[in-house]
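Next comes query.cif, a file with mmCIF, C-alpha atoms.
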```cif
data_data
#
loop_
_atom_site.group_PDB
_atom_site.id
_atom_site.type_symbol
_atom_site.label_atom_id
_atom_site.label_comp_id
_atom_site.auth_asym_id
_atom_site.auth_seq_id
_atom_site.Cartn_x
_atom_site.Cartn_y
_atom_site.Cartn_z
ATOM 1 C CA MET A 213 -9.124 159.239 -172.151
ATOM 2 C CA SER A 214 -7.313 158.675 -175.444
ATOM 3 C CA GLU A 215 -3.526 158.732 -175.665
ATOM 4 C CA SER A 216 -3.527 162.002 -177.629
ATOM 5 C CA THR A 217 -5.870 163.681 -175.153
ATOM 6 C CA GLU A 218 -3.857 162.352 -172.216
ATOM 7 C CA ARG A 219 -0.612 163.692 -173.703
ATOM 8 C CA THR A 220 -2.197 167.118 -174.275
ATOM 9 C CA VAL A 221 -3.350 167.251 -170.648
ATOM 10 C CA SER A 222 -0.029 166.011 -169.290
ATOM 11 C CA GLU A 223 1.941 168.561 -171.275
ATOM 12 C CA GLN A 224 0.316 171.490 -169.479
ATOM 13 C CA GLY A 225 3.079 173.275 -167.609
ATOM 14 C CA SER A 226 6.734 173.667 -168.492
ATOM 15 C CA TYR A 227 9.789 171.571 -167.746
ATOM 16 C CA PRO A 228 10.217 171.704 -163.949
ATOM 17 C CA GLN A 229 12.909 174.000 -162.599
ATOM 18 C CA THR A 230 12.918 172.620 -159.033
ATOM 19 C CA LEU A 231 12.337 169.275 -157.356
ATOM 20 C CA GLU A 232 9.273 170.745 -155.633
ATOM 21 C CA GLU A 233 7.774 171.593 -159.009
ATOM 22 C CA LEU A 234 8.604 168.125 -160.302
ATOM 23 C CA ALA A 235 6.876 166.547 -157.295
ATOM 24 C CA GLU A 236 3.810 168.722 -157.915
ATOM 25 C CA GLN A 237 3.693 167.661 -161.572
ATOM 26 C CA PHE A 238 3.928 164.015 -160.556
ATOM 27 C CA CYS A 239 1.086 164.456 -158.053
ATOM 28 C CA TRP A 240 -1.068 166.322 -160.603
ATOM 29 C CA HIS A 241 -0.483 163.615 -163.198
ATOM 30 C CA ALA A 242 -1.415 160.885 -160.706
ATOM 31 C CA VAL A 243 -4.728 162.534 -159.787
ATOM 32 C CA HIS A 244 -5.881 164.011 -163.107
ATOM 33 C CA VAL A 245 -4.493 161.521 -165.612
ATOM 34 C CA ARG A 246 -4.208 158.220 -163.754
ATOM 35 C CA GLY A 247 -7.251 158.772 -161.502
ATOM 36 C CA VAL A 248 -5.459 158.232 -158.196
ATOM 37 C CA LEU A 249 -7.185 159.532 -155.059
ATOM 38 C CA ASP A 250 -5.857 162.831 -153.700
ATOM 39 C CA GLU A 251 -4.991 161.183 -150.392
ATOM 40 C CA THR A 252 -3.051 158.386 -152.085
ATOM 41 C CA ALA A 253 -1.117 160.840 -154.242
ATOM 42 C CA GLU A 254 -0.265 162.914 -151.179
ATOM 43 C CA ALA A 255 0.889 159.864 -149.218
ATOM 44 C CA ARG A 256 3.196 158.831 -152.071
ATOM 45 C CA GLN A 257 5.038 162.144 -151.843
ATOM 46 C CA LEU A 258 6.896 160.786 -148.808
ATOM 47 C CA TYR A 259 8.445 157.953 -150.833
ATOM 48 C CA LEU A 260 9.056 160.168 -153.845
ATOM 49 C CA TRP A 261 11.196 162.508 -151.716
ATOM 50 C CA ARG A 262 13.045 159.547 -150.237
ATOM 51 C CA PHE A 263 13.887 158.560 -153.794
ATOM 52 C CA PHE A 264 15.089 162.102 -154.528
ATOM 53 C CA ASP A 265 17.115 162.207 -151.312
ATOM 54 C CA TRP A 266 18.988 159.035 -152.224
ATOM 55 C CA PHE A 267 20.561 161.001 -155.090
ATOM 56 C CA GLY A 268 21.864 163.738 -152.800
ATOM 57 C CA PRO A 269 19.271 165.202 -153.197
ATOM 58 C CA PRO A 270 20.267 166.666 -156.569
ATOM 59 C CA GLU A 271 20.281 170.401 -157.123
ATOM 60 C CA SER A 272 17.703 170.272 -159.919
ATOM 61 C CA PRO A 273 15.466 167.915 -161.889
ATOM 62 C CA THR A 274 18.027 168.033 -164.703
ATOM 63 C CA ALA A 275 20.716 166.680 -162.366
ATOM 64 C CA LEU A 276 18.286 164.052 -161.077
ATOM 65 C CA PHE A 277 17.483 162.665 -164.511
ATOM 66 C CA VAL A 278 21.165 162.579 -165.419
ATOM 67 C CA ALA A 279 21.814 160.532 -162.261
ATOM 68 C CA ILE A 280 18.944 158.097 -162.897
ATOM 69 C CA THR A 281 20.375 155.045 -164.637
ATOM 70 C CA PRO A 282 19.546 151.328 -164.492
ATOM 71 C CA ASP A 283 22.477 150.827 -162.118
ATOM 72 C CA SER A 284 21.535 153.696 -159.778
ATOM 73 C CA ILE A 285 17.905 152.548 -159.599
ATOM 74 C CA THR A 286 18.967 149.038 -158.627
ATOM 75 C CA LYS A 287 21.373 150.344 -155.983
ATOM 76 C CA CYS A 288 18.764 152.723 -154.580
ATOM 77 C CA LEU A 289 16.111 150.024 -154.158
ATOM 78 C CA ALA A 290 18.626 147.554 -152.706
ATOM 79 C CA SER A 291 19.817 150.149 -150.185
ATOM 80 C CA TYR A 292 16.250 150.974 -149.200
ATOM 81 C CA ALA A 293 15.312 147.307 -148.845
ATOM 82 C CA SER A 294 18.197 146.745 -146.415
ATOM 83 C CA LYS A 295 16.863 149.410 -144.042
ATOM 84 C CA HIS A 296 13.073 149.040 -144.219
ATOM 85 C CA GLY A 297 10.382 146.423 -143.755
ATOM 86 C CA PRO A 298 8.345 144.723 -146.487
ATOM 87 C CA GLY A 299 5.481 147.220 -146.323
ATOM 88 C CA SER A 300 7.696 150.263 -146.779
ATOM 89 C CA ARG A 301 9.716 148.458 -149.468
ATOM 90 C CA GLY A 302 6.532 147.739 -151.386
ATOM 91 C CA HIS A 303 5.413 151.373 -151.263
ATOM 92 C CA MET A 304 8.843 152.569 -152.362
ATOM 93 C CA GLN A 305 8.990 150.161 -155.310
ATOM 94 C CA THR A 306 5.512 151.220 -156.413
ATOM 95 C CA VAL A 307 6.299 154.934 -156.293
ATOM 96 C CA VAL A 308 9.644 154.540 -158.079
ATOM 97 C CA ARG A 309 8.040 152.417 -160.791
ATOM 98 C CA VAL A 310 5.188 154.906 -161.354
ATOM 99 C CA PHE A 311 7.560 157.888 -161.251
ATOM 100 C CA LEU A 312 9.894 156.379 -163.853
ATOM 101 C CA ARG A 313 6.926 155.693 -166.113
ATOM 102 C CA PHE A 314 5.728 159.285 -165.603
ATOM 103 C CA ALA A 315 9.196 160.680 -166.376
ATOM 104 C CA TYR A 316 9.356 158.675 -169.599
ATOM 105 C CA TYR A 317 5.877 159.803 -170.606
ATOM 106 C CA ARG A 318 6.847 163.447 -170.042
ATOM 107 C CA GLU A 319 10.053 162.780 -172.024
ATOM 108 C CA TYR A 320 12.282 163.656 -169.067
ATOM 109 C CA LEU A 321 13.857 160.217 -169.554
ATOM 110 C CA GLN A 322 14.659 158.765 -172.932
ATOM 111 C CA ALA A 323 13.805 155.199 -171.926
ATOM 112 C CA ASP A 324 11.085 153.589 -169.824
ATOM 113 C CA LEU A 325 13.000 152.246 -166.818
ATOM 114 C CA SER A 326 9.909 151.408 -164.754
ATOM 115 C CA ALA A 327 10.439 147.645 -165.156
ATOM 116 C CA LEU A 328 13.584 147.948 -163.015
ATOM 117 C CA SER A 329 11.396 148.545 -159.953
ATOM 118 C CA PRO A 330 9.761 145.139 -159.324
ATOM 119 C CA VAL A 331 6.148 144.635 -158.355
ATOM 120 C CA PRO A 332 5.957 143.311 -154.756
ATOM 121 C CA ARG A 333 4.493 139.828 -154.572
ATOM 122 C CA CYS A 334 2.655 138.567 -151.520
ATOM 123 C CA PRO A 335 1.267 135.021 -151.824
ATOM 124 C CA HIS A 336 -2.336 134.691 -150.656
ATOM 125 C CA MET A 337 -2.371 133.370 -147.076
ATOM 126 C CA GLY A 338 1.427 133.451 -147.219
ATOM 127 C CA LYS A 339 1.854 135.399 -143.991
ATOM 128 C CA VAL A 340 1.026 134.831 -140.350
ATOM 129 C CA ALA A 341 -0.632 137.800 -138.670
ATOM 130 C CA ARG A 342 1.654 139.256 -135.992
ATOM 131 C CA ALA A 343 -0.298 140.649 -133.059
ATOM 132 C CA ILE A 344 0.810 142.932 -130.257
ATOM 133 C CA PRO A 345 0.732 140.791 -127.089
ATOM 134 C CA PRO A 346 -2.051 141.787 -124.638
ATOM 135 C CA GLU A 347 0.479 142.595 -121.925
ATOM 136 C CA CYS A 348 2.209 145.078 -124.243
ATOM 137 C CA ILE A 349 -1.082 146.834 -124.925
ATOM 138 C CA ASP A 350 -1.757 147.030 -121.178
ATOM 139 C CA MET A 351 1.695 148.502 -120.589
ATOM 140 C CA LEU A 352 1.164 151.079 -123.332
ATOM 141 C CA VAL A 353 -2.232 152.136 -121.977
ATOM 142 C CA SER A 354 -0.892 152.516 -118.438
ATOM 143 C CA HIS A 355 2.086 154.557 -119.643
ATOM 144 C CA ILE A 356 0.090 157.337 -121.386
ATOM 145 C CA THR A 357 -0.972 159.209 -118.246
ATOM 146 C CA GLY A 358 -0.354 162.895 -119.034
ATOM 147 C CA GLU A 359 -2.980 165.574 -119.511
ATOM 148 C CA SER A 360 -1.541 167.401 -122.521
ATOM 149 C CA SER A 361 -3.500 167.565 -125.774
ATOM 150 C CA ALA A 362 -1.235 164.920 -127.305
ATOM 151 C CA ASP A 363 -1.604 162.640 -124.261
ATOM 152 C CA LEU A 364 -5.399 162.875 -124.300
ATOM 153 C CA ARG A 365 -5.547 162.273 -128.044
ATOM 154 C CA ASP A 366 -3.091 159.382 -128.089
ATOM 155 C CA ARG A 367 -4.783 157.718 -125.117
ATOM 156 C CA ALA A 368 -8.090 157.851 -126.992
ATOM 157 C CA ILE A 369 -6.528 156.518 -130.203
ATOM 158 C CA VAL A 370 -4.967 153.543 -128.417
ATOM 159 C CA ALA A 371 -8.299 152.823 -126.698
ATOM 160 C CA VAL A 372 -10.114 152.772 -130.055
ATOM 161 C CA LEU A 373 -7.475 150.608 -131.747
ATOM 162 C CA SER A 374 -7.276 148.060 -128.946
ATOM 163 C CA THR A 375 -11.068 147.835 -128.527
ATOM 164 C CA TYR A 376 -12.247 147.696 -132.134
ATOM 165 C CA GLY A 377 -9.209 146.633 -134.182
ATOM 166 C CA VAL A 378 -9.934 149.099 -136.967
ATOM 167 C CA ARG A 379 -7.442 150.240 -139.578
ATOM 168 C CA GLY A 380 -5.344 153.354 -139.180
ATOM 169 C CA VAL A 381 -7.158 155.038 -142.072
ATOM 170 C CA GLN A 382 -10.450 154.549 -140.246
ATOM 171 C CA ILE A 383 -9.003 156.323 -137.225
ATOM 172 C CA ARG A 384 -7.873 159.198 -139.424
ATOM 173 C CA ARG A 385 -11.268 159.465 -141.160
ATOM 174 C CA LEU A 386 -13.423 159.114 -138.041
ATOM 175 C CA ARG A 387 -15.775 162.110 -137.923
ATOM 176 C CA MET A 388 -17.824 163.769 -135.242
ATOM 177 C CA ASP A 389 -21.081 162.551 -136.782
ATOM 178 C CA ASP A 390 -19.792 158.963 -136.572
ATOM 179 C CA LEU A 391 -20.241 159.176 -132.796
ATOM 180 C CA ASP A 392 -23.825 158.620 -131.649
ATOM 181 C CA TRP A 393 -23.740 159.461 -127.954
ATOM 182 C CA GLU A 394 -27.482 158.894 -127.458
ATOM 183 C CA GLN A 395 -27.447 155.409 -128.983
ATOM 184 C CA ASN A 396 -23.966 154.569 -127.604
ATOM 185 C CA SER A 397 -22.637 153.595 -131.019
ATOM 186 C CA ILE A 398 -19.590 154.381 -133.117
ATOM 187 C CA ARG A 399 -19.358 154.036 -136.880
ATOM 188 C CA PHE A 400 -16.130 153.598 -138.822
ATOM 189 C CA PRO A 401 -16.052 154.378 -142.559
ATOM 190 C CA ALA A 402 -15.311 151.657 -145.083
ATOM 191 C CA ALA A 403 -11.663 151.151 -146.011
ATOM 192 C CA LYS A 404 -9.779 149.177 -148.684
ATOM 193 C CA GLY A 405 -12.973 148.187 -150.466
ATOM 194 C CA GLY A 406 -14.505 146.747 -147.300
ATOM 195 C CA ARG A 407 -17.692 147.568 -145.433
ATOM 196 C CA PRO A 408 -18.425 150.289 -142.867
ATOM 197 C CA ILE A 409 -18.278 149.065 -139.269
ATOM 198 C CA LYS A 410 -20.821 149.950 -136.590
ATOM 199 C CA GLN A 411 -20.016 148.978 -133.028
ATOM 200 C CA HIS A 412 -21.293 149.616 -129.527
ATOM 201 C CA LEU A 413 -19.502 152.597 -128.004
ATOM 202 C CA SER A 414 -17.981 151.119 -124.868
ATOM 203 C CA ALA A 415 -17.707 153.167 -121.697
ATOM 204 C CA LYS A 416 -13.903 153.031 -121.815
ATOM 205 C CA VAL A 417 -13.658 154.323 -125.373
ATOM 206 C CA GLY A 418 -16.464 156.837 -124.895
ATOM 207 C CA ASN A 419 -14.772 158.280 -121.820
ATOM 208 C CA ARG A 420 -11.400 158.536 -123.561
ATOM 209 C CA ILE A 421 -12.844 160.254 -126.637
ATOM 210 C CA SER A 422 -15.038 162.660 -124.665
ATOM 211 C CA GLU A 423 -12.095 163.554 -122.429
ATOM 212 C CA TYR A 424 -10.044 164.392 -125.500
ATOM 213 C CA LEU A 425 -12.851 166.375 -127.152
ATOM 214 C CA LEU A 426 -13.521 168.435 -124.028
ATOM 215 C CA LYS A 427 -9.970 169.044 -122.832
ATOM 216 C CA GLY A 428 -7.491 168.340 -125.605
ATOM 217 C CA ARG A 429 -8.914 168.891 -129.071
ATOM 218 C CA ALA A 430 -8.425 172.275 -130.702
ATOM 219 C CA SER A 431 -11.586 174.308 -131.249
ATOM 220 C CA CYS A 432 -12.151 174.327 -134.994
ATOM 221 C CA SER A 433 -14.701 173.419 -137.641
ATOM 222 C CA ARG A 434 -12.889 170.291 -138.872
ATOM 223 C CA PRO A 435 -15.265 167.284 -138.874
ATOM 224 C CA GLU A 436 -12.537 164.734 -138.108
ATOM 225 C CA VAL A 437 -12.298 163.618 -134.478
ATOM 226 C CA PHE A 438 -8.523 163.296 -134.188
ATOM 227 C CA LEU A 439 -6.363 166.263 -135.152
ATOM 228 C CA ARG A 440 -2.677 167.042 -135.115
ATOM 229 C CA THR A 441 -1.513 169.182 -132.205
ATOM 230 C CA CYS A 442 0.536 171.623 -134.310
ATOM 231 C CA GLU A 443 -1.010 174.772 -135.741
ATOM 232 C CA PRO A 444 -3.109 174.954 -137.770
ATOM 233 C CA ALA A 445 -5.077 171.999 -136.383
ATOM 234 C CA GLU A 446 -5.420 169.525 -139.255
ATOM 235 C CA PRO A 447 -6.403 165.853 -139.493
ATOM 236 C CA PHE A 448 -3.796 163.201 -140.227
ATOM 237 C CA THR A 449 -3.363 163.065 -143.988
ATOM 238 C CA TYR A 450 -1.383 159.841 -144.373
ATOM 239 C CA SER A 451 -0.663 156.656 -142.453
ATOM 240 C CA ALA A 452 2.966 157.416 -141.595
ATOM 241 C CA GLN A 453 1.859 160.228 -139.261
ATOM 242 C CA LEU A 454 -0.271 157.911 -137.135
ATOM 243 C CA SER A 455 2.304 155.120 -137.231
ATOM 244 C CA SER A 456 4.970 157.565 -136.053
ATOM 245 C CA ILE A 457 2.872 158.486 -133.012
ATOM 246 C CA LEU A 458 2.272 154.857 -132.065
ATOM 247 C CA ARG A 459 5.940 153.927 -132.522
ATOM 248 C CA LYS A 460 6.996 156.892 -130.373
ATOM 249 C CA ARG A 461 4.588 155.925 -127.591
ATOM 250 C CA ILE A 462 5.709 152.294 -127.626
ATOM 251 C CA LYS A 463 9.359 153.357 -127.436
ATOM 252 C CA GLN A 464 8.629 155.811 -124.605
ATOM 253 C CA ALA A 465 7.002 152.991 -122.629
ATOM 254 C CA GLU A 466 10.171 150.919 -123.232
ATOM 255 C CA ILE A 467 8.113 148.134 -124.766
ATOM 256 C CA GLU A 468 10.021 145.686 -126.941
ATOM 257 C CA LEU A 469 7.605 144.065 -129.371
ATOM 258 C CA PRO A 470 8.238 140.530 -130.650
ATOM 259 C CA LYS A 471 10.037 140.261 -133.979
ATOM 260 C CA GLY A 472 7.767 140.900 -136.931
ATOM 261 C CA VAL A 473 5.067 142.748 -134.993
ATOM 262 C CA SER A 474 4.010 146.060 -136.516
ATOM 263 C CA TYR A 475 4.604 149.215 -134.483
ATOM 264 C CA GLY A 476 1.668 150.791 -136.295
ATOM 265 C CA SER A 477 -2.082 150.264 -136.146
ATOM 266 C CA HIS A 478 -1.983 146.808 -137.786
ATOM 267 C CA GLY A 479 -0.461 145.236 -134.677
ATOM 268 C CA PHE A 480 -3.592 146.247 -132.754
ATOM 269 C CA ARG A 481 -5.838 144.972 -135.548
ATOM 270 C CA HIS A 482 -4.118 141.599 -135.510
ATOM 271 C CA ALA A 483 -4.409 141.448 -131.711
ATOM 272 C CA PHE A 484 -8.141 142.190 -131.906
ATOM 273 C CA ALA A 485 -8.823 139.520 -134.542
ATOM 274 C CA SER A 486 -6.620 136.943 -132.810
ATOM 275 C CA ARG A 487 -8.467 137.510 -129.564
ATOM 276 C CA LEU A 488 -11.813 136.762 -131.219
ATOM 277 C CA TYR A 489 -10.848 133.929 -133.543
ATOM 278 C CA GLY A 490 -12.331 130.608 -132.410
ATOM 279 C CA ARG A 491 -14.331 132.311 -129.656
ATOM 280 C CA VAL A 492 -17.082 134.079 -131.610
ATOM 281 C CA PRO A 493 -18.860 133.079 -134.845
ATOM 282 C CA PHE A 494 -16.697 133.558 -137.921
ATOM 283 C CA LYS A 495 -19.315 135.741 -139.655
ATOM 284 C CA ASP A 496 -19.244 138.135 -136.690
ATOM 285 C CA ILE A 497 -15.459 138.494 -136.983
ATOM 286 C CA VAL A 498 -15.817 139.243 -140.707
ATOM 287 C CA ASP A 499 -18.337 141.987 -139.908
ATOM 288 C CA MET A 500 -16.315 143.470 -137.057
ATOM 289 C CA LEU A 501 -13.213 143.681 -139.249
ATOM 290 C CA GLY A 502 -15.209 145.239 -142.083
ATOM 291 C CA HIS A 503 -14.125 142.616 -144.603
ATOM 292 C CA ARG A 504 -16.248 142.224 -147.716
ATOM 293 C CA ASP A 505 -14.549 138.959 -148.686
ATOM 294 C CA PRO A 506 -14.582 136.377 -145.835
ATOM 295 C CA SER A 507 -11.370 134.830 -147.172
ATOM 296 C CA SER A 508 -9.542 137.964 -145.986
ATOM 297 C CA THR A 509 -10.370 136.944 -142.416
ATOM 298 C CA LEU A 510 -9.019 133.393 -142.733
ATOM 299 C CA ILE A 511 -5.419 134.514 -142.172
ATOM 300 C CA TYR A 512 -6.191 135.052 -138.493
ATOM 301 C CA GLY A 513 -6.912 131.341 -138.106
ATOM 302 C CA LYS A 514 -3.179 130.721 -138.491
ATOM 303 C CA VAL A 515 -2.408 132.396 -135.154
ATOM 304 C CA ASP A 516 -4.371 129.909 -133.047
ATOM 305 C CA VAL A 517 -1.553 127.396 -132.736
ATOM 306 C CA VAL A 518 -3.323 125.352 -130.026
ATOM 307 C CA ALA A 519 -6.396 124.790 -132.190
ATOM 308 C CA LEU A 520 -4.279 124.030 -135.239
ATOM 309 C CA ALA A 521 -2.336 121.391 -133.295
ATOM 310 C CA LYS A 522 -5.598 119.592 -132.465
ATOM 311 C CA ALA A 523 -6.444 119.445 -136.172
ATOM 312 C CA ALA A 524 -3.173 117.714 -137.089
ATOM 313 C CA LEU A 525 -3.485 114.048 -138.059
ATOM 314 C CA PRO A 526 -1.141 111.483 -136.477
ATOM 315 C CA TRP A 527 1.828 110.472 -138.586
ATOM 316 C CA PRO A 528 1.603 106.844 -139.740
ATOM 317 C CA GLY A 529 3.877 104.717 -137.582
ATOM 318 C CA GLY A 530 4.622 107.601 -135.284
ATOM 319 C CA VAL A 531 3.949 108.055 -131.593
ATOM 320 C CA THR A 532 0.218 108.460 -130.866
#
```

Please render this file's structure as structure tokens.
Amino acid sequence: MSESTERTVSEQGSYPQTLEELAEQFCWHAVHVRGVLDETAEARQLYLWRFFDWFGPPESPTALFVAITPDSITKCLASYASKHGPGSRGHMQTVVRVFLRFAYYREYLQADLSALSPVPRCPHMGKVARAIPPECIDMLVSHITGESSADLRDRAIVAVLSTYGVRGVQIRRLRMDDLDWEQNSIRFPAAKGGRPIKQHLSAKVGNRISEYLLKGRASCSRPEVFLRTCEPAEPFTYSAQLSSILRKRIKQAEIELPKGVSYGSHGFRHAFASRLYGRVPFKDIVDMLGHRDPSSTLIYGKVDVVALAKAALPWPGGVT
């Protein structure tokens, strides 16, 4: 799309009168001009409103753009960074940067201030995967004992996460036709440019899912397996919803996770990979995690401290 065509498309619609209208314009621009997926644009609304809220929230878009200055942007991001983890900080910086560029393009701001929101940098292999300890997973499973719709659903979700180590988005996108009850298999859709995952449907997971489908899931035509309990019954649309459920369950069980361990689905994924690393062929781990690039799986080798210690060479002149 040429610049002139893009500007013509972007200029559809008038200057926003409310913050809601501004957020809708931003979402429309992301999907129809920048080519962002609908789901991604929807998920970014959470961080966009957090940015708005930092300014009051202001009474109108006009007041917002008056308040947006280089100094206020820096203070906003610094304040957010002091209260949130690296993942949330990265999402916030991305949304603020894209929003400022959008506002300049639409001539709501007279200068492009997007460079004031830095691009998060994460060195390759620069992190150590932080896994939920097995005993914490056992405590969580034993604590979810109720028979409400939420209990049945959450018990099934935890069973799937702890057994297969899939991503949260794969839980949210799991569909009824991904469950093959006759062949005892479960298929997870591809995520983050990876490959689809097909696994044996274990008795534990199969029982948890079937229990939820028969007793807890709302009767509707939605193809997704896991639905929200509020009316109308809808699937989870962004990751924060699933992470919120897991965090709530962990807190209810009075489980204190080690420092740096995610309270979301990634803690289970790390636990799954760590459990397999060094015990099954590396290619099998790559396939079970759905990675397309095997180098993405290498990070889990850093958690096997015992094996790494054996690989260390003696220091010259040191104690052997």

Checklist line | CA of Phe484 in chain A to CA of His355 in chain A, straight-line distance in Å | finding: 20.2 Å

Next item on the list: Just say which residues the PyMOL selection byres ((chain A and resi 274) around 10) picks in this file, as a ChimeraX atom specification.
Entry: /A:227-231,270-273,275-279,320

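Closest to Ala445 in chain A among A:Ser361, A:Arg318, A:Leu426, A:Ala371 is A:Ser361, based on all atoms listed in the file.
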
Notebook entry, point to check: Residues around (-9.0, 151.0, -136.3), cut-off 9 Å, counting all atoms listed in the file - what are they as a list in words?
Noted result: Ile369, Val372, Leu373, Ser374, Thr375, Tyr376, Gly377, Val378, Arg379, Gly380, Val381, Gln382, Ile383, Arg384, Phe400, Ser477, His478, Phe480, Arg481 and Leu501 of chain A

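Between Trp266 in chain A and the candidates A:Thr252, A:Ser456, A:Ser291, A:Ser300, the tightest atom-to-atom separation, counting all atoms listed in the file, involves A:Ser291.
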